[in-house]
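Visitor: Got data00.cif for you, mmCIF, C-alpha atoms:
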```
data_model
#
loop_
_atom_site.label_atom_id
_atom_site.label_comp_id
_atom_site.auth_asym_id
_atom_site.auth_seq_id
_atom_site.Cartn_x
_atom_site.Cartn_y
_atom_site.Cartn_z
CA MET A 1 120.67 129.17 57.44
CA TYR A 2 120.19 125.39 57.52
CA ASP A 3 122.28 124.98 60.69
CA ASP A 4 120.37 127.78 62.44
CA ILE A 5 117.02 126.27 61.46
CA ILE A 6 118.06 122.83 62.71
CA LYS A 7 119.29 124.24 66.03
CA GLY A 8 116.12 126.26 66.50
CA ASN A 9 117.96 129.58 66.34
CA LYS A 10 115.93 130.70 63.34
CA THR A 11 112.29 130.21 62.38
CA ILE A 12 110.45 129.25 59.19
CA SER A 13 107.35 131.13 58.08
CA VAL A 14 104.77 130.01 55.54
CA ILE A 15 102.71 132.73 53.87
CA GLY A 16 99.40 131.42 52.53
CA LEU A 17 97.83 128.43 54.28
CA GLY A 18 95.67 126.85 51.61
CA TYR A 19 95.97 123.46 49.89
CA VAL A 20 99.71 123.99 49.43
CA GLY A 21 100.84 126.13 52.34
CA LEU A 22 99.19 124.35 55.27
CA PRO A 23 100.68 120.88 54.58
CA ILE A 24 104.12 122.47 54.16
CA ALA A 25 103.78 124.44 57.39
CA LEU A 26 102.68 121.39 59.39
CA GLU A 27 105.43 119.14 58.03
CA PHE A 28 108.13 121.67 58.91
CA ALA A 29 106.49 122.25 62.30
CA LYS A 30 107.19 118.60 63.17
CA LYS A 31 110.90 119.38 62.85
CA THR A 32 111.33 123.04 63.85
CA LYS A 33 109.55 126.26 64.80
CA VAL A 34 107.07 127.61 62.22
CA ILE A 35 104.91 130.70 61.89
CA GLY A 36 101.90 130.08 59.63
CA PHE A 37 100.40 133.25 58.16
CA ASP A 38 97.15 133.74 56.27
CA ILE A 39 95.29 136.98 55.53
CA LYS A 40 91.90 135.43 56.42
CA GLN A 41 91.31 135.51 60.17
CA ASP A 42 88.42 133.03 60.00
CA ARG A 43 90.71 130.42 58.41
CA VAL A 44 93.39 131.10 61.03
CA ASP A 45 90.85 130.60 63.83
CA LEU A 46 89.89 127.20 62.40
CA MET A 47 93.52 126.10 62.10
CA LYS A 48 94.18 127.09 65.69
CA LYS A 49 91.51 124.51 66.58
CA GLY A 50 93.17 121.85 64.43
CA ILE A 51 90.71 122.19 61.57
CA ASP A 52 91.79 122.38 57.93
CA PRO A 53 89.44 124.82 56.13
CA SER A 54 90.19 123.00 52.86
CA ARG A 55 89.13 119.66 54.37
CA GLU A 56 92.26 117.92 53.09
CA LEU A 57 93.97 117.27 56.42
CA GLU A 58 92.69 115.63 59.59
CA SER A 59 92.97 116.93 63.15
CA LYS A 60 95.72 114.38 63.90
CA ASP A 61 97.89 116.08 61.27
CA PHE A 62 98.10 119.12 63.56
CA GLU A 63 99.33 117.09 66.56
CA GLY A 64 102.92 117.48 67.73
CA CYS A 65 103.52 120.57 65.58
CA ASP A 66 105.46 123.58 66.84
CA ILE A 67 103.44 126.13 64.88
CA GLU A 68 101.92 129.53 65.53
CA PHE A 69 98.98 130.48 63.31
CA THR A 70 98.45 134.19 62.74
CA ALA A 71 96.83 136.79 60.52
CA ASN A 72 99.11 139.53 61.87
CA PRO A 73 101.97 140.24 59.41
CA ASP A 74 104.09 141.74 62.22
CA ASP A 75 104.50 138.21 63.61
CA LEU A 76 106.53 137.35 60.51
CA LYS A 77 109.35 139.57 61.80
CA ARG A 78 110.43 136.68 64.03
CA ALA A 79 111.01 134.39 61.04
CA HIS A 80 114.06 134.17 58.81
CA PHE A 81 113.20 131.60 56.13
CA HIS A 82 109.97 132.59 54.37
CA ILE A 83 107.98 130.26 52.11
CA VAL A 84 105.36 131.97 49.92
CA ALA A 85 102.52 129.66 48.84
CA VAL A 86 99.70 131.86 47.59
CA PRO A 87 97.38 131.31 44.59
CA THR A 88 98.33 132.47 41.11
CA PRO A 89 95.02 132.66 39.21
CA ILE A 90 94.11 134.16 35.85
CA ASP A 91 91.77 137.08 35.18
CA GLU A 92 88.67 137.21 32.96
CA HIS A 93 90.92 137.66 29.91
CA HIS A 94 92.95 134.54 30.72
CA LEU A 95 95.97 136.65 31.66
CA PRO A 96 98.11 136.00 34.76
CA ASP A 97 96.70 137.64 37.88
CA LEU A 98 99.74 138.30 40.04
CA LYS A 99 97.94 140.38 42.67
CA PRO A 100 98.03 137.70 45.41
CA LEU A 101 101.70 136.96 44.70
CA LEU A 102 102.77 140.61 44.64
CA SER A 103 100.72 141.35 47.74
CA ALA A 104 102.47 138.49 49.57
CA SER A 105 105.82 139.83 48.33
CA GLU A 106 104.95 143.24 49.79
CA THR A 107 104.02 141.63 53.11
CA VAL A 108 107.32 139.74 53.27
CA GLY A 109 109.31 142.74 52.04
CA LYS A 110 108.07 144.89 54.92
CA ILE A 111 109.48 142.48 57.52
CA LEU A 112 112.52 141.24 55.57
CA LYS A 113 115.84 141.35 57.43
CA LYS A 114 119.42 141.11 56.31
CA GLY A 115 120.37 137.45 55.87
CA ASP A 116 116.78 136.23 55.34
CA TYR A 117 115.68 133.77 52.67
CA VAL A 118 112.47 133.92 50.61
CA VAL A 119 111.33 130.82 48.69
CA PHE A 120 108.37 131.02 46.32
CA GLU A 121 106.20 127.95 45.70
CA SER A 122 103.41 129.61 43.67
CA THR A 123 103.24 128.47 40.04
CA VAL A 124 104.41 131.24 37.70
CA TYR A 125 105.89 131.73 34.23
CA PRO A 126 109.68 131.53 33.77
CA GLY A 127 111.28 134.76 34.94
CA CYS A 128 108.43 135.93 37.18
CA THR A 129 110.29 135.50 40.48
CA GLU A 130 113.24 137.61 39.36
CA GLU A 131 111.31 140.12 37.23
CA GLU A 132 108.28 140.74 39.45
CA CYS A 133 108.83 139.51 43.02
CA ILE A 134 112.42 140.51 43.76
CA PRO A 135 111.89 144.23 42.87
CA VAL A 136 108.92 144.32 45.29
CA LEU A 137 111.00 142.73 48.06
CA GLU A 138 113.81 145.24 47.48
CA GLU A 139 111.46 148.22 47.39
CA GLN A 140 109.59 147.28 50.55
CA SER A 141 112.63 146.21 52.57
CA GLY A 142 115.23 148.72 51.41
CA LEU A 143 117.60 145.76 51.13
CA LYS A 144 119.67 144.60 48.17
CA PHE A 145 118.91 141.24 46.57
CA ALA A 146 121.75 138.67 46.67
CA SER A 147 123.99 140.65 49.01
CA ASP A 148 121.37 141.24 51.75
CA PHE A 149 118.84 138.45 51.21
CA LYS A 150 118.58 135.29 49.13
CA ILE A 151 115.84 133.92 46.92
CA GLY A 152 114.69 130.47 45.87
CA PHE A 153 111.89 128.86 43.90
CA SER A 154 110.52 125.42 44.70
CA PRO A 155 107.30 124.66 42.81
CA GLU A 156 104.45 122.98 44.67
CA ARG A 157 103.40 119.54 43.46
CA ILE A 158 100.53 118.76 45.81
CA ASN A 159 97.60 116.96 44.20
CA PRO A 160 94.36 117.73 46.09
CA GLY A 161 92.43 114.63 47.11
CA ASP A 162 95.40 112.32 46.45
CA ARG A 163 96.23 110.29 49.58
CA GLU A 164 99.07 108.40 47.92
CA HIS A 165 101.15 111.19 46.37
CA THR A 166 101.57 113.63 49.25
CA LEU A 167 104.00 116.43 50.02
CA THR A 168 106.66 114.19 51.56
CA THR A 169 106.44 111.42 48.95
CA ILE A 170 106.77 113.60 45.84
CA LYS A 171 110.29 114.52 44.72
CA LYS A 172 110.88 118.24 45.29
CA VAL A 173 112.44 120.57 42.74
CA VAL A 174 114.39 123.39 44.37
CA SER A 175 116.45 126.30 43.07
CA GLY A 176 118.33 129.27 44.47
CA ASN A 177 119.86 132.51 43.25
CA ASP A 178 123.38 131.18 43.92
CA ALA A 179 125.14 127.98 44.99
CA GLU A 180 124.95 128.79 48.70
CA ALA A 181 121.25 129.56 48.53
CA LEU A 182 120.55 126.40 46.54
CA GLU A 183 122.35 124.18 49.03
CA ASN A 184 120.68 125.72 52.09
CA ILE A 185 117.22 125.57 50.52
CA ALA A 186 117.75 121.97 49.42
CA LYS A 187 118.93 120.84 52.86
CA ILE A 188 116.04 122.61 54.60
CA TYR A 189 113.47 120.90 52.36
CA GLU A 190 115.27 117.58 52.88
CA MET A 191 114.15 117.85 56.50
CA VAL A 192 110.61 116.91 55.41
CA ILE A 193 110.78 115.51 51.86
CA THR A 194 111.49 111.78 52.04
CA ALA A 195 111.26 111.29 48.25
CA GLY A 196 114.39 113.33 47.62
CA ILE A 197 115.38 116.70 46.17
CA HIS A 198 116.19 117.72 42.60
CA ARG A 199 118.48 120.74 42.47
CA ALA A 200 117.58 122.81 39.41
CA PRO A 201 120.45 124.88 37.97
CA THR A 202 118.50 128.16 37.93
CA ILE A 203 115.27 129.67 39.24
CA LYS A 204 113.94 129.99 35.68
CA VAL A 205 114.47 126.28 35.06
CA ALA A 206 112.49 125.40 38.20
CA GLU A 207 109.69 127.78 37.16
CA ALA A 208 109.60 126.30 33.67
CA ALA A 209 109.64 122.71 34.96
CA LYS A 210 106.51 123.30 36.97
CA ILE A 211 104.62 125.13 34.25
CA ILE A 212 105.17 122.37 31.68
CA GLU A 213 104.03 119.60 34.05
CA ASN A 214 100.47 120.87 33.90
CA THR A 215 100.73 122.10 30.30
CA GLN A 216 101.66 118.59 29.20
CA ARG A 217 98.60 117.14 30.94
CA ASP A 218 96.39 119.87 29.51
CA VAL A 219 97.47 119.19 25.92
CA ASN A 220 97.06 115.42 26.32
CA ILE A 221 93.57 115.79 27.78
CA ALA A 222 92.70 118.18 24.95
CA LEU A 223 93.61 115.45 22.47
CA MET A 224 91.28 113.05 24.27
CA ASN A 225 88.51 115.66 24.26
CA GLU A 226 88.92 116.23 20.55
CA LEU A 227 88.89 112.49 19.93
CA SER A 228 85.67 112.22 21.94
CA MET A 229 84.03 114.77 19.62
CA ILE A 230 85.13 112.77 16.58
CA PHE A 231 83.96 109.45 18.04
CA ASN A 232 80.64 111.01 19.05
CA LYS A 233 79.99 111.79 15.37
CA LEU A 234 80.99 108.24 14.46
CA ASP A 235 78.70 106.78 17.13
CA ILE A 236 81.61 105.13 18.93
CA ASN A 237 82.01 105.10 22.71
CA THR A 238 85.27 106.92 23.49
CA PHE A 239 85.91 104.95 26.66
CA ASP A 240 85.57 101.67 24.75
CA VAL A 241 88.21 102.93 22.33
CA LEU A 242 90.56 104.03 25.12
CA GLU A 243 90.12 100.71 26.90
CA ALA A 244 91.13 98.85 23.74
CA ALA A 245 94.04 101.18 22.91
CA GLY A 246 95.20 101.04 26.52
CA THR A 247 96.15 97.38 26.15
CA LYS A 248 99.33 98.53 24.39
CA TRP A 249 102.13 99.00 26.93
CA ASN A 250 103.17 102.48 25.81
CA PHE A 251 99.74 104.03 25.23
CA LEU A 252 99.34 107.09 27.48
CA LYS A 253 96.24 106.76 29.62
CA PHE A 254 94.56 110.15 29.46
CA PHE A 255 90.80 110.57 29.39
CA PRO A 256 88.34 113.22 28.16
CA GLY A 257 86.62 115.49 30.66
CA LEU A 258 86.10 118.97 32.05
CA VAL A 259 89.48 120.57 32.75
CA GLY A 260 89.19 123.07 35.58
CA GLY A 261 90.84 123.77 38.89
CA HIS A 262 93.70 126.06 39.83
CA CYS A 263 96.46 124.10 38.05
CA ILE A 264 95.81 122.39 34.72
CA GLY A 265 93.12 124.86 33.69
CA VAL A 266 95.25 127.88 34.64
CA ASP A 267 99.00 127.22 34.37
CA PRO A 268 99.15 126.90 30.55
CA TYR A 269 97.86 130.48 30.28
CA TYR A 270 100.93 131.66 32.24
CA LEU A 271 103.20 129.98 29.71
CA LEU A 272 101.12 131.30 26.81
CA HIS A 273 101.43 134.83 28.19
CA LYS A 274 105.20 134.67 28.53
CA ALA A 275 105.68 132.99 25.15
CA LYS A 276 103.63 135.64 23.34
CA GLU A 277 105.48 138.36 25.24
CA SER A 278 108.73 136.92 23.89
CA GLY A 279 107.38 136.98 20.33
CA TYR A 280 106.29 133.36 19.88
CA HIS A 281 102.69 132.18 19.51
CA PRO A 282 102.35 128.60 20.85
CA ARG A 283 99.78 126.96 18.58
CA MET A 284 99.50 123.57 20.24
CA ILE A 285 99.14 124.91 23.79
CA ASP A 286 96.66 127.56 22.65
CA SER A 287 94.58 125.01 20.73
CA GLY A 288 94.55 122.66 23.69
CA ARG A 289 93.29 125.40 25.98
CA SER A 290 90.59 126.34 23.46
CA ILE A 291 89.37 122.75 23.20
CA ASN A 292 89.32 122.17 26.95
CA ASP A 293 87.64 125.49 27.73
CA GLY A 294 84.91 124.65 25.22
CA MET A 295 83.96 121.25 26.61
CA GLY A 296 81.11 122.56 28.76
CA ALA A 297 79.42 124.11 25.72
CA HIS A 298 80.01 120.91 23.73
CA VAL A 299 78.32 118.72 26.37
CA VAL A 300 75.28 120.97 26.62
CA LYS A 301 74.95 121.25 22.84
CA GLU A 302 74.85 117.45 22.50
CA VAL A 303 72.30 117.08 25.30
CA VAL A 304 70.06 119.78 23.82
CA LYS A 305 70.17 118.01 20.44
CA LYS A 306 69.00 114.81 22.13
CA LEU A 307 66.15 116.63 23.90
CA VAL A 308 65.01 118.08 20.56
CA LYS A 309 65.12 114.66 18.88
CA MET A 310 62.93 113.31 21.69
CA ASP A 311 60.36 116.08 21.01
CA LYS A 312 60.90 117.51 24.48
CA ASN A 313 60.64 121.23 25.07
CA VAL A 314 64.17 122.37 25.83
CA LYS A 315 62.96 125.52 27.51
CA GLY A 316 61.61 124.56 30.91
CA SER A 317 63.31 121.16 30.94
CA LYS A 318 64.67 120.12 34.30
CA VAL A 319 68.36 119.21 34.67
CA LEU A 320 70.23 117.84 37.68
CA ILE A 321 73.98 118.42 37.81
CA MET A 322 75.79 116.24 40.33
CA GLY A 323 78.97 117.86 41.59
CA ILE A 324 80.43 121.37 41.24
CA THR A 325 83.94 121.10 42.73
CA PHE A 326 86.77 121.05 40.20
CA LYS A 327 87.56 117.36 40.82
CA GLU A 328 86.29 114.37 42.76
CA ASP A 329 86.41 114.13 46.55
CA VAL A 330 87.75 117.66 47.18
CA ALA A 331 85.99 120.79 48.41
CA ASP A 332 87.84 123.18 46.09
CA ILE A 333 85.54 125.04 43.67
CA ARG A 334 88.16 127.32 42.09
CA ASN A 335 87.87 127.52 38.30
CA SER A 336 85.31 124.72 38.21
CA LYS A 337 84.23 124.00 34.63
CA VAL A 338 80.96 122.56 35.90
CA VAL A 339 79.85 126.18 36.09
CA ASP A 340 80.09 126.28 32.27
CA LEU A 341 77.50 123.48 32.16
CA VAL A 342 75.16 125.43 34.42
CA ASN A 343 75.50 128.65 32.43
CA GLU A 344 75.10 126.92 29.05
CA PHE A 345 71.97 125.03 30.14
CA GLN A 346 70.46 128.21 31.59
CA SER A 347 71.12 130.04 28.31
CA PHE A 348 68.63 127.59 26.70
CA GLY A 349 66.02 128.35 29.35
CA VAL A 350 66.62 125.07 31.15
CA ASN A 351 65.92 124.81 34.91
CA VAL A 352 69.11 123.60 36.58
CA ASP A 353 69.54 122.07 40.04
CA VAL A 354 73.07 121.52 41.38
CA ILE A 355 73.98 119.27 44.29
CA ASP A 356 77.38 118.65 45.91
CA GLU A 357 77.97 117.55 49.50
CA TRP A 358 81.66 118.46 49.27
CA ALA A 359 81.18 122.09 48.26
CA ASP A 360 80.43 124.91 50.69
CA PRO A 361 77.06 126.43 49.62
CA LYS A 362 78.15 129.88 50.82
CA GLU A 363 81.37 129.77 48.78
CA VAL A 364 79.49 128.58 45.68
CA LYS A 365 76.98 131.40 46.02
CA GLU A 366 79.68 134.03 46.50
CA GLU A 367 81.90 132.74 43.69
CA TYR A 368 79.34 131.76 41.05
CA ASP A 369 75.94 133.03 42.25
CA ILE A 370 74.63 129.45 42.20
CA ASP A 371 72.34 128.14 44.93
CA LEU A 372 73.23 124.55 45.78
CA LYS A 373 70.34 122.23 46.52
CA ALA A 374 70.54 120.19 49.72
CA LYS A 375 69.22 117.18 47.81
CA ALA A 376 67.86 116.25 44.41
CA GLU A 377 64.23 117.20 43.79
CA GLY A 378 63.33 115.12 40.73
CA PRO A 379 62.19 113.78 38.49
CA TYR A 380 64.60 115.29 35.95
CA ASP A 381 64.71 115.26 32.16
CA VAL A 382 68.50 115.18 32.30
CA VAL A 383 70.78 113.82 35.03
CA CYS A 384 74.42 114.86 34.58
CA MET A 385 77.13 113.28 36.70
CA ALA A 386 79.72 116.02 36.33
CA VAL A 387 82.05 115.19 39.23
CA GLN A 388 82.72 111.62 40.24
CA HIS A 389 82.61 111.97 44.02
CA LYS A 390 82.85 108.61 45.77
CA ASN A 391 79.27 108.80 47.07
CA TYR A 392 78.03 109.35 43.50
CA LYS A 393 80.12 106.53 42.06
CA ASN A 394 78.70 104.16 44.68
CA MET A 395 75.09 104.93 43.76
CA SER A 396 73.10 102.01 42.41
CA THR A 397 71.60 102.23 38.94
CA GLU A 398 68.21 102.03 40.63
CA ASP A 399 68.99 105.10 42.72
CA LEU A 400 70.03 106.95 39.58
CA SER A 401 66.92 105.81 37.71
CA ASN A 402 64.72 107.22 40.47
CA LEU A 403 66.11 110.68 39.68
CA GLY A 404 64.69 110.68 36.16
CA THR A 405 61.52 110.10 34.19
CA GLU A 406 60.92 107.52 31.51
CA LYS A 407 63.64 107.97 28.91
CA SER A 408 65.54 110.70 30.74
CA ILE A 409 69.06 111.44 29.52
CA PHE A 410 71.94 110.34 31.74
CA VAL A 411 75.14 112.31 31.03
CA ASP A 412 78.17 110.45 32.36
CA ILE A 413 81.12 112.82 31.86
CA LYS A 414 83.80 110.30 32.90
CA GLY A 415 82.09 107.18 31.60
CA ILE A 416 82.09 105.39 34.95
CA PHE A 417 78.57 103.97 34.48
CA LYS A 418 79.29 102.65 31.00
CA ASP A 419 77.47 99.32 30.48
CA LYS A 420 75.68 99.74 33.85
CA ILE A 421 72.80 102.07 33.02
CA ASP A 422 69.39 100.56 32.27
CA GLU A 423 68.66 101.71 28.72
CA GLN A 424 64.95 101.22 29.44
CA LYS A 425 65.13 104.02 32.00
CA PHE A 426 67.84 106.29 30.63
CA ILE A 427 69.29 107.41 27.33
CA TYR A 428 72.99 107.12 28.12
CA TRP A 429 75.59 109.57 26.80
CA SER A 430 79.21 110.20 27.73
CA LEU A 431 82.18 112.01 26.26
#
```
Please express the file's structure as C-alpha cells.
Guide:
Amino acid sequence: MYDDIIKGNKTISVIGLGYVGLPIALEFAKKTKVIGFDIKQDRVDLMKKGIDPSRELESKDFEGCDIEFTANPDDLKRAHFHIVAVPTPIDEHHLPDLKPLLSASETVGKILKKGDYVVFESTVYPGCTEEECIPVLEEQSGLKFASDFKIGFSPERINPGDREHTLTTIKKVVSGNDAEALENIAKIYEMVITAGIHRAPTIKVAEAAKIIENTQRDVNIALMNELSMIFNKLDINTFDVLEAAGTKWNFLKFFPGLVGGHCIGVDPYYLLHKAKESGYHPRMIDSGRSINDGMGAHVVKEVVKKLVKMDKNVKGSKVLIMGITFKEDVADIRNSKVVDLVNEFQSFGVNVDVIDEWADPKEVKEEYDIDLKAKAEGPYDVVCMAVQHKNYKNMSTEDLSNLGTEKSIFVDIKGIFKDKIDEQKFIYWSL
C-alpha cells in the first residue's frame, strides 16, 4: 500500500473535513493524490475556494495541494487508503453518540474494495473500532476483515487555535490489525509527520492512549476547580496560590475554568461508559466530570450572592458575557460551557447579552437558541469575561470600566485581569 501511494498508483481519501480532517487531507495532498469528502456541500464549496470553514487554516495552506473536494460518496471509490476523521460527541445523557462514526463507516463500507485500508482517527473508547466499526464495514462491503481489507487506528492530536503544536509537529500514534498493516500505516503517516511515529502494539492500546490524554487533563482541571471553590470560601485568590505553588519545579501547572469543547469535556464520558460496561465504576473520573460540568452553576451562584449583598435586584439585572466559543481564539462552539452561564443567569430572571466576534451568529442560534449581540450595549451590572480571546485580553481597564456602572461586578474566569481592575469601578471576582 505504501509503495503504491508513493508512486501515485493509489489514492488517499479523508472522510470528514473539520478541525481534524482538513489539515490531514491538505498535508497528504502536498505529497500524493487525495480525495477530501464531507457530507456538507456548503463546506465543500468553501474549501474548493481555498477557504477553511473552521477558520483555522489560511488560503496559502491550500496551495500546491493535489486534492479533490467532494460531497459525493461515489467519488471515494477511486481511493484505496481511507482516513475517517468525524466527530464523536455525547448525547444528552452523557453517553457516546456513535452515529457520525457509524454513518461514516457505512459510507466507506459501500465503496470498500479488496485490498483497501481504513484508518480511524475519531476519539473512541477502547474496543470501539473492532466492536462497532468493523462489523459495519463488513456488512456494507460484503468483504471479510483482515483477509480482504485492513484496519488501523491513529488518534488525532490536533489542538484548535494552537499555532505551535500542529499536525506535523506532534508525534503520531498509529496501530494496525496486523504487522503488515501497522508498518504500511506508519510509513504512510511518516510522509507528513515530521515529529515521528509511535507504533502501538494493538488498536485497543492506541484507542486507550488517546482517551486517557484528555481524561488526565480533565481530572487535573477538576482538582483546580475544586481548589478554587475552597479558596473562594477562605477569601484567597486561587491564581495567587497557583502562582506561588508554581515556583516549585515539579508542580503541574493546571488552572481552574470552564471545561467544554469536543475533547476534554467529552472524551472522559467515553471511558466512563466502557468502564461501567465492563463492571467497574471509575470514581475519580466521574467526580472530575461532575465538578467540571458544575462550574457554570457555581460561577452564577457566586455572582448572584454578590448582587444580593449589594442590595441589587437580581431579577432584571443586566449581564454581559464576553465569549461563547469553547476556548480562546477559535470559532468552534461545540459543547461550550459558556452556555451554562447563560442558562443559569436566565433562570434567575437576569437579562443576558452575549458577544463574540469569533463565533458564527447563525451557528450559535441554531445550536443554542442564543442571539449574539453585534456589540455590547451597556451599562451592565455584571461583566463576565468567559473566553479570553486576544481582542478581549488586550482591552484596557478603562474600556472594561465603560461597560459597567458604579460598582459593577467583573467576573474574570481565567484571572487574566488580576491586579489590573480598578476596584473603584468594579467588584472583582475570579475562580
Visitor: Specify as a list of chain:residue names each residue included when the PyMOL selection byres ((chain A and resi 121-123) around 8) is applied to this file.
Guide: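 Checking the PyMOL selection byres ((chain A and resi 121-123) around 8) against this file, the residues are A:Ile83, A:Val84, A:Ala85, A:Val86, A:Pro87, A:Thr88, A:Leu101, A:Val119, A:Phe120, A:Val124, A:Tyr125, A:Phe153, A:Ser154, A:Pro155, A:Glu156, A:Glu207, A:Lys210, A:Ile211, A:Asp267.
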Visitor: Can you tell me, as a PyMOL selection string, what residues are no more than 10 Å from region 18-27 of chain A when counting only C-alpha atoms, ignoring any on the same chain fewer than 4 positions away?
Guide: chain A and resi 12-14+31-38+43+47+52-57+61-69+83-87+121-122+156-161+166-168+189+191-193+332
Visitor: In the coordinate frame of the file, compute which residues have an atom within 9 Å of (83.8, 126.2, 34.4) when using all atoms listed in the file, and state them as an MDAnalysis selection string.
Guide: chainID A and resid 258:261 293 296 326 334:343
Visitor: For this file, the PyMOL selection byres ((chain A and resi 93-99) around 9) selects which residues, as a short mmCIF file (atom, residue, chain, number, x, y, z; two decimals) with C-alpha atoms, in the coordinates of the input?
Guide:
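And here's selection-v8.cif as it stands now:
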```cif
data_model
loop_
_atom_site.label_atom_id
_atom_site.label_comp_id
_atom_site.auth_asym_id
_atom_site.auth_seq_id
_atom_site.Cartn_x
_atom_site.Cartn_y
_atom_site.Cartn_z
CA PRO A 87 97.38 131.31 44.59
CA THR A 88 98.33 132.47 41.11
CA PRO A 89 95.02 132.66 39.21
CA ILE A 90 94.11 134.16 35.85
CA ASP A 91 91.77 137.08 35.18
CA GLU A 92 88.67 137.21 32.96
CA PRO A 100 98.03 137.70 45.41
CA LEU A 101 101.70 136.96 44.70
CA LEU A 102 102.77 140.61 44.64
CA SER A 103 100.72 141.35 47.74
CA ALA A 104 102.47 138.49 49.57
CA VAL A 124 104.41 131.24 37.70
CA TYR A 125 105.89 131.73 34.23
CA GLU A 132 108.28 140.74 39.45
CA VAL A 266 95.25 127.88 34.64
CA ASP A 267 99.00 127.22 34.37
CA TYR A 269 97.86 130.48 30.28
CA TYR A 270 100.93 131.66 32.24
CA LEU A 272 101.12 131.30 26.81
CA HIS A 273 101.43 134.83 28.19
#
```
Visitor: For the PyMOL selection byres ((chain A and resi 180) around 12), applied here, can you spell out every residue it catches as a ChimeraX atom specification?
Guide: /A:1-2,117,146-147,149-152,175-179,181-187
Visitor: Between CA of Lys30 (chain A) and CA of Ala206 (chain A), what is the spacing in Å?
Guide: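 Separation between CA of Ala206 (chain A) and CA of Lys30 (chain A): 26.4 Å.
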Visitor: Taking only N, CA and C atoms, show region 170-187 of chain A of the given structure as an mmCIF file, in the first residue's frame.
Guide:
```
data_model
loop_
_atom_site.group_PDB
_atom_site.id
_atom_site.type_symbol
_atom_site.label_atom_id
_atom_site.label_comp_id
_atom_site.auth_asym_id
_atom_site.auth_seq_id
_atom_site.Cartn_x
_atom_site.Cartn_y
_atom_site.Cartn_z
ATOM 1 N N ILE A 170 3.466 17.138 16.017
ATOM 2 C CA ILE A 170 3.034 16.323 17.159
ATOM 3 C C ILE A 170 3.269 14.851 16.817
ATOM 4 N N LYS A 171 3.960 14.138 17.698
ATOM 5 C CA LYS A 171 4.229 12.720 17.445
ATOM 6 C C LYS A 171 2.919 11.973 17.245
ATOM 7 N N LYS A 172 2.888 11.086 16.263
ATOM 8 C CA LYS A 172 1.659 10.395 15.878
ATOM 9 C C LYS A 172 1.661 8.956 16.381
ATOM 10 N N VAL A 173 0.611 8.592 17.076
ATOM 11 C CA VAL A 173 0.409 7.200 17.488
ATOM 12 C C VAL A 173 -0.353 6.475 16.383
ATOM 13 N N VAL A 174 0.157 5.347 15.947
ATOM 14 C CA VAL A 174 -0.535 4.566 14.915
ATOM 15 C C VAL A 174 -0.653 3.118 15.377
ATOM 16 N N SER A 175 -1.633 2.424 14.815
ATOM 17 C CA SER A 175 -1.815 0.999 15.106
ATOM 18 C C SER A 175 -2.461 0.340 13.896
ATOM 19 N N GLY A 176 -2.335 -0.977 13.826
ATOM 20 C CA GLY A 176 -2.938 -1.730 12.731
ATOM 21 C C GLY A 176 -3.402 -3.083 13.214
ATOM 22 N N ASN A 177 -4.235 -3.742 12.415
ATOM 23 C CA ASN A 177 -4.783 -5.028 12.841
ATOM 24 C C ASN A 177 -3.774 -6.167 12.738
ATOM 25 N N ASP A 178 -2.660 -5.945 12.023
ATOM 26 C CA ASP A 178 -1.577 -6.928 11.989
ATOM 27 C C ASP A 178 -0.270 -6.191 11.688
ATOM 28 N N ALA A 179 0.825 -6.919 11.667
ATOM 29 C CA ALA A 179 2.148 -6.307 11.489
ATOM 30 C C ALA A 179 2.274 -5.591 10.148
ATOM 31 N N GLU A 180 1.734 -6.195 9.104
ATOM 32 C CA GLU A 180 1.806 -5.586 7.771
ATOM 33 C C GLU A 180 1.024 -4.273 7.739
ATOM 34 N N ALA A 181 -0.172 -4.311 8.296
ATOM 35 C CA ALA A 181 -0.996 -3.095 8.318
ATOM 36 C C ALA A 181 -0.309 -2.001 9.120
ATOM 37 N N LEU A 182 0.228 -2.355 10.278
ATOM 38 C CA LEU A 182 0.904 -1.376 11.123
ATOM 39 C C LEU A 182 2.052 -0.708 10.379
ATOM 40 N N GLU A 183 2.861 -1.491 9.697
ATOM 41 C CA GLU A 183 4.026 -0.932 9.016
ATOM 42 C C GLU A 183 3.616 -0.032 7.855
ATOM 43 N N ASN A 184 2.627 -0.436 7.084
ATOM 44 C CA ASN A 184 2.159 0.395 5.969
ATOM 45 C C ASN A 184 1.553 1.703 6.460
ATOM 46 N N ILE A 185 0.728 1.612 7.498
ATOM 47 C CA ILE A 185 0.080 2.811 8.048
ATOM 48 C C ILE A 185 1.127 3.763 8.614
ATOM 49 N N ALA A 186 2.097 3.216 9.336
ATOM 50 C CA ALA A 186 3.152 4.036 9.921
ATOM 51 C C ALA A 186 3.950 4.752 8.835
ATOM 52 N N LYS A 187 4.333 4.041 7.801
ATOM 53 C CA LYS A 187 5.143 4.640 6.728
ATOM 54 C C LYS A 187 4.358 5.691 5.948
#
```
